[in-house]
Amino acid sequence: MLATNSRGALPLAAMLLTASVALYMALVALGNITDFGTNQEFVRHVLAMDTTFRDDDLMWRAVTNEGVQDAAYVAIIVWETAAALVLAYGAWLWTRPDHARARRVSTYGLLMVMLLFGAGFMAIGGEWFAMWQSQDWNGLDAALRVFVLSGVVLLVNHLPVTRAERHDAR
């Protein structure tokens with residue numbers, strides 16, 4: 001069992017939290033693949049900026065070409081899937097003795113999630129495409145939740161192992 005002295009509580013926590021984010025990302029990607037149209041419409045509306053305040057100073061940013069919109073959506077799904085796989089691998093590595101490698105791989109996966117939800121959804125979607133102005137197509141709250149969760153898991157992944165924990169792991 002992972003919680004025995006051979007593994008320690010901190011690696012167990014890092015593994016379980018990393019696995020939780022991996023599961024979340026896998027379910028998000030699966031949902032977007034199996035119910036492609038729902039979030040396709042979300043992405044189309046955000047990029048088209050068709051439910052924003054219609055400010056002429058901002059509307060030049062709108063992307064109305066459905067091919068470009070759909071390409072962006074497919075890229076999001078590919079990124080989500082890749083992040084889920086990297087995180088699943090990172091979670092599995094936490095069960096192994098090489099915690100430095102587990103930390104590194106988990107960090108890559110968590111940063112992938114944070115880039116998607118922070119830079120992608122909050123910065124680009126929220127600010128560049130003014131998603132915050134839309135009452136119908138605003139995903140900023142959800143993006144913030146995932147961003148913060150991933151940040152907390154990243155911090156746990158980087159907590160130092162104390163001397164007592166190193167001794168207990170022997």
# chains A, B, ... in the order shown; residues from 1 in each chain; ligands from 1
$ residues_around --residues "Ile77 (chain A)" --least-positions-apart "5" --cutoff "10 Å" --atoms "only C-alpha atoms" --output "list in words"
Met25, Ala26, Val28, Ala29, Leu30, Gly31, Asn32, Ile33, Phe36, Ala71, Ala72, Ala82 and Ala83 of chain A
$ closest_residue --among "A:Leu111, A:Met122, A:Leu93, A:Val63" --to "Ala142 (chain A)" --atoms "only C-alpha atoms"
A:Met122
$ closest_residue --among "A:Phe53, A:Gln69, A:Pro11, A:Val152" --to "Asp98 (chain A)" --atoms "only C-alpha atoms"
A:Pro11
$ closest_residue --among "A:Gln133, A:Asp56, A:Val113, A:Val46" --to "Leu149 (chain A)" --atoms "only C-alpha atoms"
A:Val113
$ decode --residues "region 21-122 of chain A" --atoms "C-alpha atoms" --output "CSV table (one decimal), in the first residue's frame"
chain,number,residue,atom,x,y,z
A,21,VAL,CA,-6.5,16.6,-12.0
A,22,ALA,CA,-5.6,13.9,-14.6
A,23,LEU,CA,-9.1,12.4,-14.1
A,24,TYR,CA,-10.7,15.8,-14.4
A,25,MET,CA,-8.8,16.6,-17.6
A,26,ALA,CA,-9.5,13.1,-19.1
A,27,LEU,CA,-13.3,13.6,-18.4
A,28,VAL,CA,-13.2,17.1,-19.9
A,29,ALA,CA,-11.5,15.8,-23.0
A,30,LEU,CA,-13.8,12.8,-23.3
A,31,GLY,CA,-16.8,15.0,-22.9
A,32,ASN,CA,-15.6,17.4,-25.6
A,33,ILE,CA,-15.0,14.4,-27.9
A,34,THR,CA,-18.2,12.5,-27.3
A,35,ASP,CA,-20.4,15.7,-27.1
A,36,PHE,CA,-18.4,17.7,-29.6
A,37,GLY,CA,-21.1,20.2,-30.5
A,38,THR,CA,-21.9,21.6,-27.0
A,39,ASN,CA,-18.5,23.2,-26.4
A,40,GLN,CA,-17.9,23.7,-30.1
A,41,GLU,CA,-20.8,26.3,-29.8
A,42,PHE,CA,-19.1,27.8,-26.7
A,43,VAL,CA,-15.8,28.3,-28.5
A,44,ARG,CA,-17.6,29.7,-31.6
A,45,HIS,CA,-19.5,32.2,-29.6
A,46,VAL,CA,-16.5,33.3,-27.6
A,47,LEU,CA,-14.3,33.7,-30.6
A,48,ALA,CA,-17.1,35.4,-32.6
A,49,MET,CA,-17.7,37.8,-29.7
A,50,ASP,CA,-21.4,37.8,-30.7
A,51,THR,CA,-22.7,38.1,-27.2
A,52,THR,CA,-20.4,40.8,-26.0
A,53,PHE,CA,-21.2,44.5,-25.7
A,54,ARG,CA,-20.4,45.0,-29.5
A,55,ASP,CA,-17.9,47.7,-28.8
A,56,ASP,CA,-16.4,48.8,-32.1
A,57,ASP,CA,-13.0,49.2,-30.4
A,58,LEU,CA,-13.0,45.5,-29.6
A,59,MET,CA,-15.0,43.8,-32.4
A,60,TRP,CA,-12.0,43.8,-34.7
A,61,ARG,CA,-10.7,41.0,-32.6
A,62,ALA,CA,-13.6,38.7,-33.4
A,63,VAL,CA,-12.9,35.5,-35.3
A,64,THR,CA,-16.0,34.6,-37.3
A,65,ASN,CA,-14.5,31.9,-39.6
A,66,GLU,CA,-16.0,28.6,-38.5
A,67,GLY,CA,-13.0,26.7,-39.8
A,68,VAL,CA,-10.7,28.7,-37.6
A,69,GLN,CA,-13.0,28.4,-34.7
A,70,ASP,CA,-13.3,24.6,-35.1
A,71,ALA,CA,-9.5,24.3,-35.5
A,72,ALA,CA,-9.1,26.2,-32.2
A,73,TYR,CA,-11.6,23.9,-30.5
A,74,VAL,CA,-9.8,20.8,-31.8
A,75,ALA,CA,-6.5,22.2,-30.6
A,76,ILE,CA,-8.0,22.7,-27.1
A,77,ILE,CA,-9.2,19.1,-27.1
A,78,VAL,CA,-5.8,17.8,-28.2
A,79,TRP,CA,-4.1,19.9,-25.4
A,80,GLU,CA,-6.6,18.6,-22.8
A,81,THR,CA,-6.0,15.0,-23.8
A,82,ALA,CA,-2.2,15.5,-23.8
A,83,ALA,CA,-2.4,17.1,-20.3
A,84,ALA,CA,-4.5,14.2,-19.0
A,85,LEU,CA,-2.0,11.7,-20.3
A,86,VAL,CA,1.0,13.6,-18.9
A,87,LEU,CA,-0.7,13.9,-15.5
A,88,ALA,CA,-1.7,10.3,-15.4
A,89,TYR,CA,1.9,9.3,-16.1
A,90,GLY,CA,3.1,11.7,-13.4
A,91,ALA,CA,0.6,10.3,-10.9
A,92,TRP,CA,1.8,6.8,-11.7
A,93,LEU,CA,5.4,7.9,-11.3
A,94,TRP,CA,4.6,9.0,-7.7
A,95,THR,CA,4.1,5.3,-6.9
A,96,ARG,CA,7.7,4.6,-7.9
A,97,PRO,CA,10.8,5.4,-5.9
A,98,ASP,CA,12.0,8.2,-8.3
A,99,HIS,CA,10.1,11.2,-6.8
A,100,ALA,CA,12.2,13.7,-8.6
A,101,ARG,CA,11.0,12.4,-12.0
A,102,ALA,CA,7.4,12.2,-10.7
A,103,ARG,CA,7.6,15.8,-9.6
A,104,ARG,CA,9.1,16.9,-13.0
A,105,VAL,CA,6.4,15.1,-15.1
A,106,SER,CA,3.6,16.2,-12.8
A,107,THR,CA,4.8,19.7,-13.0
A,108,TYR,CA,4.8,19.6,-16.8
A,109,GLY,CA,1.2,18.3,-16.8
A,110,LEU,CA,0.0,20.8,-14.2
A,111,LEU,CA,1.6,23.7,-16.2
A,112,MET,CA,-0.2,22.5,-19.3
A,113,VAL,CA,-3.5,22.7,-17.5
A,114,MET,CA,-2.6,26.1,-16.0
A,115,LEU,CA,-1.6,27.5,-19.4
A,116,LEU,CA,-4.8,26.3,-21.0
A,117,PHE,CA,-7.1,27.6,-18.3
A,118,GLY,CA,-5.0,30.7,-17.3
A,119,ALA,CA,-3.5,31.9,-20.6
A,120,GLY,CA,-6.0,30.3,-22.9
A,121,PHE,CA,-9.4,30.7,-21.2
A,122,MET,CA,-8.9,33.5,-18.8
